[in-house]
>>> print(open('upload_10.pdb').read())   # PDB, C-alpha atoms
ATOM      1  CA  GLN A   1       0.000   0.000   0.000
ATOM      2  CA  PHE A   2       2.844   2.355   0.845
ATOM      3  CA  LEU A   3       4.305   1.977  -2.646
ATOM      4  CA  GLU A   4       0.972   2.259  -4.459
ATOM      5  CA  GLU A   5      -0.357   5.582  -3.150
ATOM      6  CA  GLU A   6      -0.716   8.391  -5.702
ATOM      7  CA  PRO A   7       1.098  10.582  -6.587
ATOM      8  CA  PHE A   8       3.478   9.528  -3.789
ATOM      9  CA  SER A   9       3.321   8.486  -0.157
ATOM     10  CA  HIS A  10       5.116  10.017   2.812
ATOM     11  CA  ARG A  11       5.988   8.502   6.191
ATOM     12  CA  VAL A  12       7.964   9.860   9.131
ATOM     13  CA  ILE A  13       9.848   6.934  10.654
ATOM     14  CA  ASN A  14      11.641   8.775  13.480
ATOM     15  CA  ASP A  15      13.694  11.906  14.110
ATOM     16  CA  GLU A  16      16.423  10.571  11.845
ATOM     17  CA  VAL A  17      14.566   9.276   8.786
ATOM     18  CA  GLU A  18      11.433   9.845   6.766
ATOM     19  CA  LEU A  19      10.430   8.112   3.548
ATOM     20  CA  ILE A  20       8.793   9.087   0.292
ATOM     21  CA  ALA A  21       7.691   6.300  -2.065
ATOM     22  CA  ILE A  22       6.893   6.795  -5.757
ATOM     23  CA  ALA A  23       5.314   3.865  -7.571
ATOM     24  CA  HIS A  24       6.149   2.667 -11.088
ATOM     25  CA  ARG A  25       3.825   4.320 -13.615
ATOM     26  CA  GLU A  26       3.594   5.445 -17.221
ATOM     27  CA  SER A  27       3.822   9.163 -16.417
ATOM     28  CA  TYR A  28       5.098  11.278 -13.524
ATOM     29  CA  ALA A  29       3.594  14.495 -14.873
ATOM     30  CA  ASN A  30       1.294  14.931 -11.848
ATOM     31  CA  LEU A  31       4.003  14.098  -9.304
ATOM     32  CA  LEU A  32       4.280  17.673  -8.054
ATOM     33  CA  GLY A  33       0.536  18.340  -8.015
ATOM     34  CA  LYS A  34       1.002  18.431  -4.277
ATOM     35  CA  LEU A  35       4.153  18.626  -2.178
ATOM     36  CA  PRO A  36       4.904  16.636   0.977
ATOM     37  CA  PRO A  37       4.976  18.373   4.371
ATOM     38  CA  LYS A  38       8.128  20.227   5.277
ATOM     39  CA  LYS A  39      10.873  17.800   6.255
ATOM     40  CA  LYS A  40      10.746  16.959   9.972
ATOM     41  CA  SER A  41      13.470  14.325  10.123
ATOM     42  CA  LYS A  42      17.164  14.856   9.467
ATOM     43  CA  VAL A  43      17.143  12.774   6.276
ATOM     44  CA  ARG A  44      14.464  12.177   3.644
ATOM     45  CA  ILE A  45      14.941   9.004   1.605
ATOM     46  CA  CYS A  46      12.940   8.345  -1.544
ATOM     47  CA  LEU A  47      12.004   4.868  -2.803
ATOM     48  CA  LEU A  48      11.402   5.006  -6.542
ATOM     49  CA  HIS A  49      10.834   2.722  -9.538
ATOM     50  CA  ALA A  50      11.491   4.660 -12.744
ATOM     51  CA  THR A  51      13.969   5.715 -15.387
ATOM     52  CA  VAL A  52      15.761   8.827 -14.169
ATOM     53  CA  ILE A  53      16.563  11.115 -17.102
ATOM     54  CA  GLY A  54      20.298  11.186 -17.708
ATOM     55  CA  MET A  55      21.077   8.003 -15.772
ATOM     56  CA  SER A  56      20.107   5.272 -18.242
ATOM     57  CA  PHE A  57      23.223   5.518 -20.408
ATOM     58  CA  SER A  58      25.673   2.687 -19.671
ATOM     59  CA  GLY A  59      28.382   3.079 -22.296
ATOM     60  CA  ILE A  60      28.070   2.274 -25.972
ATOM     61  CA  ARG A  61      24.758   0.532 -25.427
ATOM     62  CA  GLU A  62      21.947   2.476 -23.784
ATOM     63  CA  GLU A  63      19.955   0.554 -21.237
ATOM     64  CA  ILE A  64      16.372   1.661 -21.734
ATOM     65  CA  GLU A  65      13.848  -0.501 -19.940
ATOM     66  CA  GLU A  66      10.388  -1.141 -21.300
ATOM     67  CA  GLY A  67       7.395   0.373 -19.555
ATOM     68  CA  GLY A  68       7.177   3.214 -17.090
ATOM     69  CA  GLY A  69       7.738   6.907 -17.528
ATOM     70  CA  LEU A  70      10.755   9.156 -17.279
ATOM     71  CA  ILE A  71      11.337  11.213 -14.159
ATOM     72  CA  ASP A  72      13.456  14.350 -13.976
ATOM     73  CA  VAL A  73      16.015  15.041 -11.269
ATOM     74  CA  SER A  74      14.421  18.438 -10.581
ATOM     75  CA  GLN A  75      11.155  16.700  -9.591
ATOM     76  CA  LEU A  76      12.979  14.703  -6.925
ATOM     77  CA  GLN A  77      14.807  17.802  -5.707
ATOM     78  CA  ALA A  78      11.451  19.593  -5.386
ATOM     79  CA  LEU A  79      10.395  16.807  -2.990
ATOM     80  CA  ASP A  80      13.422  17.729  -0.825
ATOM     81  CA  CYS A  81      14.971  14.262  -1.056
ATOM     82  CA  ASP A  82      18.469  13.623   0.315
ATOM     83  CA  PHE A  83      18.882  10.134  -1.090
ATOM     84  CA  VAL A  84      16.907   8.324  -3.806
ATOM     85  CA  SER A  85      17.031   4.528  -3.932
ATOM     86  CA  VAL A  86      15.687   3.597  -7.339
ATOM     87  CA  GLY A  87      14.936   0.457  -9.313
ATOM     88  CA  HIS A  88      14.130  -0.295 -12.986
ATOM     89  CA  ILE A  89      17.560  -0.063 -14.660
ATOM     90  CA  HIS A  90      19.176  -3.503 -14.356
ATOM     91  CA  SER A  91      22.782  -2.413 -13.737
ATOM     92  CA  ALA A  92      24.125  -0.586 -10.675
ATOM     93  CA  ARG A  93      25.102   3.084 -10.836
ATOM     94  CA  SER A  94      24.855   6.249  -8.748
ATOM     95  CA  GLN A  95      25.162   9.981  -9.268
ATOM     96  CA  VAL A  96      25.123  13.081  -7.056
ATOM     97  CA  PHE A  97      22.956  16.044  -8.003
ATOM     98  CA  GLY A  98      23.674  18.949  -5.660
ATOM     99  CA  ALA A  99      22.920  17.709  -2.139
ATOM    100  CA  MET A 100      20.954  14.682  -3.385
ATOM    101  CA  GLU A 101      22.323  11.277  -4.397
ATOM    102  CA  ILE A 102      20.444   8.897  -6.701
ATOM    103  CA  ALA A 103      21.487   5.247  -6.727
ATOM    104  CA  TYR A 104      20.402   2.173  -8.683
ATOM    105  CA  ALA A 105      21.332  -1.119  -7.022
ATOM    106  CA  GLY A 106      20.735  -3.052 -10.254
ATOM    107  CA  SER A 107      18.957  -6.387 -10.593
ATOM    108  CA  ALA A 108      18.899  -8.470  -7.439
ATOM    109  CA  ARG A 109      19.509 -11.515  -9.647
ATOM    110  CA  VAL A 110      20.386 -12.201 -13.289
ATOM    111  CA  TRP A 111      17.111 -11.359 -14.989
ATOM    112  CA  ARG A 112      18.165 -11.827 -18.628
ATOM    113  CA  LYS A 113      21.189 -12.675 -20.725
ATOM    114  CA  GLY A 114      23.869 -10.022 -20.944
ATOM    115  CA  GLU A 115      23.642  -8.894 -17.310
ATOM    116  CA  VAL A 116      27.283  -9.434 -16.408
ATOM    117  CA  GLY A 117      28.826  -8.754 -13.009
ATOM    118  CA  ILE A 118      27.852  -9.688  -9.483
ATOM    119  CA  ARG A 119      24.302  -9.093  -8.242
ATOM    120  CA  GLY A 120      23.417  -7.385  -4.993
ATOM    121  CA  GLY A 121      21.677  -4.556  -3.188
ATOM    122  CA  LEU A 122      22.401  -1.392  -1.253
ATOM    123  CA  LEU A 123      22.626  -1.172   2.519
ATOM    124  CA  LEU A 124      21.967   2.387   3.707
ATOM    125  CA  GLU A 125      23.210   3.794   7.003
ATOM    126  CA  VAL A 126      21.958   7.114   8.370
ATOM    127  CA  LYS A 127      24.321   8.848  10.766
ATOM    128  CA  ASP A 128      24.921  12.505  11.629
ATOM    129  CA  SER A 129      22.307  13.597   9.092
ATOM    130  CA  LYS A 130      24.120  11.800   6.285
ATOM    131  CA  VAL A 131      23.290   8.697   4.241
ATOM    132  CA  THR A 132      26.118   6.320   3.362
ATOM    133  CA  LYS A 133      25.611   3.321   1.137
ATOM    134  CA  SER A 134      27.464   0.033   0.871
ATOM    135  CA  PHE A 135      27.012  -2.718  -1.676
ATOM    136  CA  VAL A 136      25.893  -6.140  -0.443
ATOM    137  CA  HIS A 137      26.759  -9.059  -2.713
ATOM    138  CA  PHE A 138      23.934 -11.600  -3.072
ATOM    139  CA  GLU A 139      25.950 -14.746  -3.715
ATOM    140  CA  SER A 140      22.878 -16.898  -4.283
ATOM    141  CA  ALA A 141      21.789 -14.584  -7.125
ATOM    142  CA  GLY A 142      24.483 -16.019  -9.383
ATOM    143  CA  GLN A 143      26.165 -14.409 -12.379
ATOM    144  CA  TYR A 144      25.835 -14.293 -16.163
ATOM    145  CA  ILE A 145      28.944 -15.649 -17.892
ATOM    146  CA  GLU A 146      29.650 -15.602 -21.645
ATOM    147  CA  LEU A 147      32.420 -17.814 -23.017
ATOM    148  CA  ASN A 148      33.696 -17.266 -26.551
ATOM    149  CA  VAL A 149      35.248 -20.577 -27.591
ATOM    150  CA  GLN A 150      37.029 -21.353 -30.856
ATOM    151  CA  PRO A 151      37.062 -25.078 -31.697
ATOM    152  CA  GLY A 152      39.876 -26.608 -33.705
ATOM    153  CA  LEU A 153      39.357 -27.264 -37.401
ATOM    154  CA  ASP A 154      38.333 -30.801 -36.429
ATOM    155  CA  GLY A 155      35.508 -29.360 -34.286
ATOM    156  CA  ILE A 156      37.095 -30.252 -30.919
ATOM    157  CA  PRO A 157      37.426 -27.273 -28.530
ATOM    158  CA  ASN A 158      40.352 -26.833 -26.192
ATOM    159  CA  ARG A 159      39.282 -28.002 -22.733
ATOM    160  CA  GLU A 160      41.296 -25.197 -21.108
ATOM    161  CA  SER A 161      38.859 -22.627 -22.509
ATOM    162  CA  LEU A 162      36.062 -24.301 -20.517
ATOM    163  CA  GLU A 163      37.871 -24.729 -17.184
ATOM    164  CA  ILE A 164      35.865 -21.875 -15.670
ATOM    165  CA  LEU A 165      32.790 -24.149 -15.611
ATOM    166  CA  SER A 166      34.242 -26.031 -12.634
ATOM    167  CA  LYS A 167      34.304 -22.764 -10.653
ATOM    168  CA  LEU A 168      30.647 -21.892 -11.219
ATOM    169  CA  SER A 169      27.529 -22.846  -9.256
ATOM    170  CA  LYS A 170      23.905 -23.858  -9.664
ATOM    171  CA  PHE A 171      22.953 -20.162  -9.554
ATOM    172  CA  ASP A 172      24.951 -19.166 -12.644
ATOM    173  CA  TRP A 173      23.727 -18.596 -16.199
ATOM    174  CA  VAL A 174      26.311 -19.602 -18.833
ATOM    175  CA  ARG A 175      26.252 -18.916 -22.558
ATOM    176  CA  ILE A 176      28.901 -20.541 -24.779
ATOM    177  CA  ASN A 177      29.467 -18.861 -28.133
ATOM    178  CA  TRP A 178      31.219 -21.078 -30.674
ATOM    179  CA  PHE A 179      33.126 -19.178 -33.351
ATOM    180  CA  GLY A 180      35.706 -19.831 -36.049
ATOM    181  CA  VAL A 181      35.889 -22.430 -38.817
ATOM    182  CA  VAL A 182      35.396 -26.213 -38.665
ATOM    183  CA  ASP A 183      35.427 -29.138 -41.103
ATOM    184  CA  THR A 184      32.061 -30.394 -39.928
ATOM    185  CA  MET A 185      29.492 -29.677 -37.236
ATOM    186  CA  GLU A 186      29.061 -33.309 -36.217
ATOM    187  CA  VAL A 187      32.105 -33.519 -33.941
ATOM    188  CA  LEU A 188      31.332 -30.202 -32.247
ATOM    189  CA  MET A 189      27.683 -31.108 -31.715
ATOM    190  CA  GLN A 190      28.708 -34.366 -30.065
ATOM    191  CA  PHE A 191      31.085 -32.427 -27.821
ATOM    192  CA  GLN A 192      28.258 -29.974 -27.008
ATOM    193  CA  ARG A 193      25.888 -32.817 -26.061
ATOM    194  CA  GLU A 194      28.518 -34.175 -23.667
ATOM    195  CA  LEU A 195      28.884 -30.719 -22.099
ATOM    196  CA  GLU A 196      25.114 -30.470 -21.660
ATOM    197  CA  MET A 197      24.901 -33.843 -19.947
ATOM    198  CA  GLU A 198      27.718 -32.951 -17.559
ATOM    199  CA  TRP A 199      26.984 -29.310 -16.774
ATOM    200  CA  LYS A 200      23.288 -28.542 -17.298
ATOM    201  CA  PRO A 201      22.321 -30.175 -13.971
ATOM    202  CA  LYS A 202      25.003 -28.099 -12.201
ATOM    203  CA  LEU A 203      24.079 -24.661 -13.582
ATOM    204  CA  ARG A 204      20.991 -22.479 -13.557
ATOM    205  CA  ILE A 205      21.059 -22.156 -17.370
ATOM    206  CA  LEU A 206      23.483 -23.484 -19.976
ATOM    207  CA  GLU A 207      22.958 -22.374 -23.568
ATOM    208  CA  PHE A 208      24.928 -22.345 -26.808
ATOM    209  CA  ASP A 209      25.196 -20.181 -29.906
ATOM    210  CA  ASN A 210      26.922 -21.303 -33.101
ATOM    211  CA  SER A 211      25.818 -18.404 -35.341
ATOM    212  CA  ALA A 212      29.435 -17.150 -35.592
ATOM    213  CA  LEU A 213      30.717 -20.565 -36.709
ATOM    214  CA  LYS A 214      31.560 -21.367 -40.333
ATOM    215  CA  VAL A 215      31.596 -24.887 -41.778
ATOM    216  CA  VAL A 216      34.046 -25.437 -44.635
ATOM    217  CA  ALA A 217      34.364 -29.062 -45.742
ATOM    218  CA  ASN A 218      37.918 -30.448 -45.736
ATOM    219  CA  ILE A 219      39.402 -27.132 -44.612
ATOM    220  CA  SER A 220      41.986 -28.943 -42.486
ATOM    221  CA  GLU A 221      43.414 -30.525 -45.661
ATOM    222  CA  ASN A 222      44.182 -27.168 -47.249
ATOM    223  CA  THR A 223      47.964 -26.598 -47.423
ATOM    224  CA  TYR A 224      47.823 -22.865 -46.648
ATOM    225  CA  ILE A 225      45.424 -23.388 -43.756
ATOM    226  CA  LYS A 226      47.720 -26.064 -42.288
ATOM    227  CA  LYS A 227      50.749 -23.762 -42.509
ATOM    228  CA  PHE A 228      48.853 -20.882 -40.925
ATOM    229  CA  ILE A 229      47.639 -23.029 -38.005
ATOM    230  CA  GLN A 230      51.209 -24.271 -37.407
ATOM    231  CA  LEU A 231      52.487 -20.699 -37.476
ATOM    232  CA  MET A 232      49.849 -19.536 -34.969
ATOM    233  CA  GLU A 233      50.563 -22.433 -32.619
ATOM    234  CA  SER A 234      54.248 -21.460 -32.580
ATOM    235  CA  LYS A 235      53.313 -17.922 -31.506
ATOM    236  CA  LYS A 236      50.769 -18.841 -28.842
ATOM    237  CA  GLU A 237      53.163 -18.618 -25.875
ATOM    238  CA  HIS A 238      54.400 -15.181 -26.943
ATOM    239  CA  MET A 239      51.049 -13.418 -27.356
ATOM    240  CA  LYS A 240      48.179 -12.443 -25.087
ATOM    241  CA  ILE A 241      45.486 -15.100 -25.448
ATOM    242  CA  ASP A 242      42.781 -12.701 -26.634
ATOM    243  CA  GLU A 243      45.134 -11.148 -29.221
ATOM    244  CA  TRP A 244      46.230 -14.605 -30.369
ATOM    245  CA  THR A 245      42.624 -15.781 -30.702
ATOM    246  CA  LEU A 246      41.597 -12.700 -32.677
ATOM    247  CA  THR A 247      44.635 -12.976 -34.979
ATOM    248  CA  LYS A 248      43.904 -16.626 -35.648
ATOM    249  CA  ARG A 249      40.248 -15.938 -36.426
ATOM    250  CA  LEU A 250      40.998 -13.007 -38.764
ATOM    251  CA  GLY A 251      43.777 -14.968 -40.487
ATOM    252  CA  LEU A 252      41.456 -17.863 -41.233
ATOM    253  CA  GLU A 253      38.812 -15.507 -42.547
ATOM    254  CA  LEU A 254      41.306 -13.791 -44.885
ATOM    255  CA  LEU A 255      42.590 -17.121 -46.176
ATOM    256  CA  LEU A 256      39.040 -18.277 -46.868
ATOM    257  CA  GLU A 257      38.254 -15.045 -48.711
ATOM    258  CA  GLU A 258      41.381 -15.515 -50.838
ATOM    259  CA  LYS A 259      40.317 -19.076 -51.558
ATOM    260  CA  LYS A 260      36.997 -17.804 -52.872
TER     261      LYS A 260
END
>>> encode(input="upload_10.pdb", output="structure tokens")
Amino acid sequence: QFLEEEPFSHRVINDEVELIAIAHRESYANLLGKLPPKKKSKVRICLLHATVIGMSFSGIREEIEEGGGLIDVSQLQALDCDFVSVGHIHSARSQVFGAMEIAYAGSARVWRKGEVGIRGGLLLEVKDSKVTKSFVHFESAGQYIELNVQPGLDGIPNRESLEILSKLSKFDWVRINWFGVVDTMEVLMQFQRELEMEWKPKLRILEFDNSALKVVANISENTYIKKFIQLMESKKEHMKIDEWTLTKRLGLELLLEEKK
């Protein structure tokens, strides 16, 4: 009931803290139709579910959630909030606007693929008229892990690239992306079935994607391909693994284009 009152609800907890709660809705246009009473406690904390304008950008990809309206920082400042604890955006972030801090804790668990990083929540402490926050890791929420694995030309992946599976738990969501070039899919698919039998019961989700994999019959018999693979293997110890993997993939692609 506290979270559902319109346009917001207000509660004085004690001399230290009072709360304002703003429910998730399609529009916050009428939010300031009335203002809460003058602040009586030392700190006013707002509980909010919305997209705060200017806080949804998370790098190259913008994280815009479906549903719900946009709320402006000035609206929250007009409510005389000191700290705003907000949900809706699935990754953690915080920002200070004047004397007010707004903080997203992020998803409390992995809600969908792509949500990398540990899951958790915010623990707030009010002391001397100030709010301090600390992150609490929810270990049982699990993590989302993506593994980019390049099988050999024969379709057999290197087991070392999958060693991380032994360190994960039943709470984790794992996606294995196969990429590169193989002679045939049959060997890789058999290997994948064996992985599923061994690891699906031990993980929350185990899924595979082979959309970045190319099948070229008898590629391992090609003289130039053989020489290139031998060359790359000789350089493996002297390169960073991600640089080596990328070089090998691009080299194979260029050789295949030349073959065409």
>>> resolve_selection(input="upload_10.pdb", expression="the PyMOL selection byres ((chain A and resi 123-130) around 8)", output="list of chain:residue names")
A:Glu16, A:Val17, A:Lys42, A:Val43, A:Gly121, A:Leu122, A:Val131, A:Thr132, A:Lys133, A:Ser134, A:Phe135, A:Val136
>>> closest_residue(input="upload_10.pdb", among="A:Leu153, A:Met239, A:Ala99, A:Ile22", to="Asn218 (chain A)", atoms="all atoms listed in the file")
A:Leu153
>>> resolve_selection(input="upload_10.pdb", expression="the PyMOL selection byres ((chain A and resi 148) around 7)", output="list in words")
Glu146, Leu147, Val149, Gln150, Ile176, Asn177 and Trp178 of chain A
>>> residues_around(input="upload_10.pdb", residues="region 113-116 of chain A", least_positions_apart="5", cutoff="8 Å", atoms="all atoms listed in the file", output="ChimeraX atom specification")
/A:90-91,143-145,173
>>> residues_around(input="upload_10.pdb", residues="Leu76 (chain A)", least_positions_apart="2", cutoff="10 Å", atoms="all atoms listed in the file", output="list in words")
Leu31, Leu32, Cys46, Leu48, Val52, Ile71, Asp72, Val73, Ser74, Ala78, Leu79, Asp80, Cys81, Asp82, Phe83, Val84, Met100 and Ile102 of chain A
>>> atom_distance(input="upload_10.pdb", atom1="CA of Gln190 (chain A)", atom2="CA of Lys214 (chain A)")
16.8 Å
>>> atom_distance(input="upload_10.pdb", atom1="CA of Gly155 (chain A)", atom2="CA of Leu188 (chain A)")
4.7 Å
>>> axis_aligned_box(input="upload_10.pdb", around="region 182-194 of chain A", padding_each_side="5 Å", output="lines of an AutoDock Vina configuration file")
center_x = 30.7
center_y = -30.3
center_z = -32.4
size_x = 19.5
size_y = 18.2
size_z = 27.4
>>> atom_distance(input="upload_10.pdb", atom1="CA of Ser169 (chain A)", atom2="CA of Lys202 (chain A)")
6.5 Å
>>> residues_around(input="upload_10.pdb", residues="Leu213 (chain A)", least_positions_apart="5", cutoff="7 Å", atoms="only C-alpha atoms", output="list in words")
Trp178, Phe179, Gly180 and Val181 of chain A
>>> closest_residue(input="upload_10.pdb", among="A:Ala212, A:Ile225, A:Ile20, A:Ile241", to="Leu35 (chain A)", atoms="all atoms listed in the file")
A:Ile20
>>> residues_near_point(input="upload_10.pdb", point="(20.5, -23.4, -14.5)", cutoff="9 Å", atoms="only C-alpha atoms", output="PDB file with C-alpha atoms, keeping the file's coordinate frame")
ATOM      1  CA  SER A 169      27.529 -22.846  -9.256  1.00  0.00           C
ATOM      2  CA  LYS A 170      23.905 -23.858  -9.664  1.00  0.00           C
ATOM      3  CA  PHE A 171      22.953 -20.162  -9.554  1.00  0.00           C
ATOM      4  CA  ASP A 172      24.951 -19.166 -12.644  1.00  0.00           C
ATOM      5  CA  TRP A 173      23.727 -18.596 -16.199  1.00  0.00           C
ATOM      6  CA  VAL A 174      26.311 -19.602 -18.833  1.00  0.00           C
ATOM      7  CA  LYS A 200      23.288 -28.542 -17.298  1.00  0.00           C
ATOM      8  CA  PRO A 201      22.321 -30.175 -13.971  1.00  0.00           C
ATOM      9  CA  LYS A 202      25.003 -28.099 -12.201  1.00  0.00           C
ATOM     10  CA  LEU A 203      24.079 -24.661 -13.582  1.00  0.00           C
ATOM     11  CA  ARG A 204      20.991 -22.479 -13.557  1.00  0.00           C
ATOM     12  CA  ILE A 205      21.059 -22.156 -17.370  1.00  0.00           C
ATOM     13  CA  LEU A 206      23.483 -23.484 -19.976  1.00  0.00           C
TER      14      LEU A 206
END
>>> residues_around(input="upload_10.pdb", residues="Leu255 (chain A)", least_positions_apart="2", cutoff="12 Å", atoms="all atoms listed in the file", output="JSON, numbers by chain")
{"A": [181, 219, 222, 223, 224, 225, 226, 227, 228, 229, 248, 249, 250, 251, 252, 253, 257, 258, 259, 260]}
>>> residues_around(input="upload_10.pdb", residues="Leu19 (chain A)", least_positions_apart="6", cutoff="8 Å", atoms="all atoms listed in the file", output="list of chain:residue names")
A:His10, A:Arg11, A:Val12, A:Ile13, A:Arg44, A:Ile45, A:Cys46, A:Leu47
>>> closest_residue(input="upload_10.pdb", among="A:Glu194, A:Asp183, A:Glu26, A:Glu101", to="Thr51 (chain A)", atoms="all atoms listed in the file")
A:Glu26
>>> resolve_selection(input="upload_10.pdb", expression="the PyMOL selection byres ((chain A and resi 69) around 8)", output="list in words")
His24, Arg25, Glu26, Ser27, Tyr28, Ala50, Thr51, Gly67, Gly68, Leu70 and Ile71 of chain A
>>> closest_residue(input="upload_10.pdb", among="A:Trp199, A:Trp111, A:Phe138, A:Phe97", to="Lys167 (chain A)", atoms="only C-alpha atoms")
A:Trp199
>>> closest_residue(input="upload_10.pdb", among="A:Gly142, A:Ser94, A:His88, A:Met55", to="Ser107 (chain A)", atoms="all atoms listed in the file")
A:His88
>>> closest_residue(input="upload_10.pdb", among="A:Met189, A:Ile89, A:Leu162, A:Ala105", to="His137 (chain A)", atoms="all atoms listed in the file")
A:Ala105
>>> decode(input="upload_10.pdb", residues="region 115-127 of chain A", atoms="N, CA and C atoms", output="mmCIF file, in the first residue's frame")
data_model
loop_
_atom_site.group_PDB
_atom_site.id
_atom_site.type_symbol
_atom_site.label_atom_id
_atom_site.label_comp_id
_atom_site.auth_asym_id
_atom_site.auth_seq_id
_atom_site.Cartn_x
_atom_site.Cartn_y
_atom_site.Cartn_z
ATOM 1 N N GLU A 115 23.457 -9.618 -18.567
ATOM 2 C CA GLU A 115 23.642 -8.894 -17.310
ATOM 3 C C GLU A 115 24.871 -9.440 -16.577
ATOM 4 N N VAL A 116 26.028 -8.944 -16.984
ATOM 5 C CA VAL A 116 27.283 -9.434 -16.408
ATOM 6 C C VAL A 116 27.565 -8.740 -15.077
ATOM 7 N N GLY A 117 28.454 -9.330 -14.296
ATOM 8 C CA GLY A 117 28.826 -8.754 -13.009
ATOM 9 C C GLY A 117 28.036 -9.361 -11.867
ATOM 10 N N ILE A 118 28.515 -9.115 -10.651
ATOM 11 C CA ILE A 118 27.852 -9.688 -9.483
ATOM 12 C C ILE A 118 26.545 -8.956 -9.211
ATOM 13 N N ARG A 119 25.617 -9.644 -8.591
ATOM 14 C CA ARG A 119 24.302 -9.093 -8.242
ATOM 15 C C ARG A 119 24.299 -8.730 -6.757
ATOM 16 N N GLY A 120 23.483 -7.759 -6.404
ATOM 17 C CA GLY A 120 23.417 -7.385 -4.993
ATOM 18 C C GLY A 120 22.432 -6.267 -4.742
ATOM 19 N N GLY A 121 22.559 -5.652 -3.574
ATOM 20 C CA GLY A 121 21.677 -4.556 -3.188
ATOM 21 C C GLY A 121 22.459 -3.520 -2.400
ATOM 22 N N LEU A 122 21.760 -2.474 -1.995
ATOM 23 C CA LEU A 122 22.401 -1.392 -1.253
ATOM 24 C C LEU A 122 21.952 -1.406 0.203
ATOM 25 N N LEU A 123 22.907 -1.322 1.100
ATOM 26 C CA LEU A 123 22.626 -1.172 2.519
ATOM 27 C C LEU A 123 22.875 0.285 2.872
ATOM 28 N N LEU A 124 21.855 0.971 3.369
ATOM 29 C CA LEU A 124 21.967 2.387 3.707
ATOM 30 C C LEU A 124 22.125 2.571 5.216
ATOM 31 N N GLU A 125 23.027 3.448 5.588
ATOM 32 C CA GLU A 125 23.210 3.794 7.003
ATOM 33 C C GLU A 125 23.050 5.302 7.163
ATOM 34 N N VAL A 126 22.192 5.698 8.097
ATOM 35 C CA VAL A 126 21.958 7.114 8.370
ATOM 36 C C VAL A 126 22.650 7.483 9.670
ATOM 37 N N LYS A 127 23.567 8.435 9.586
ATOM 38 C CA LYS A 127 24.321 8.848 10.766
ATOM 39 C C LYS A 127 24.757 10.299 10.596
#
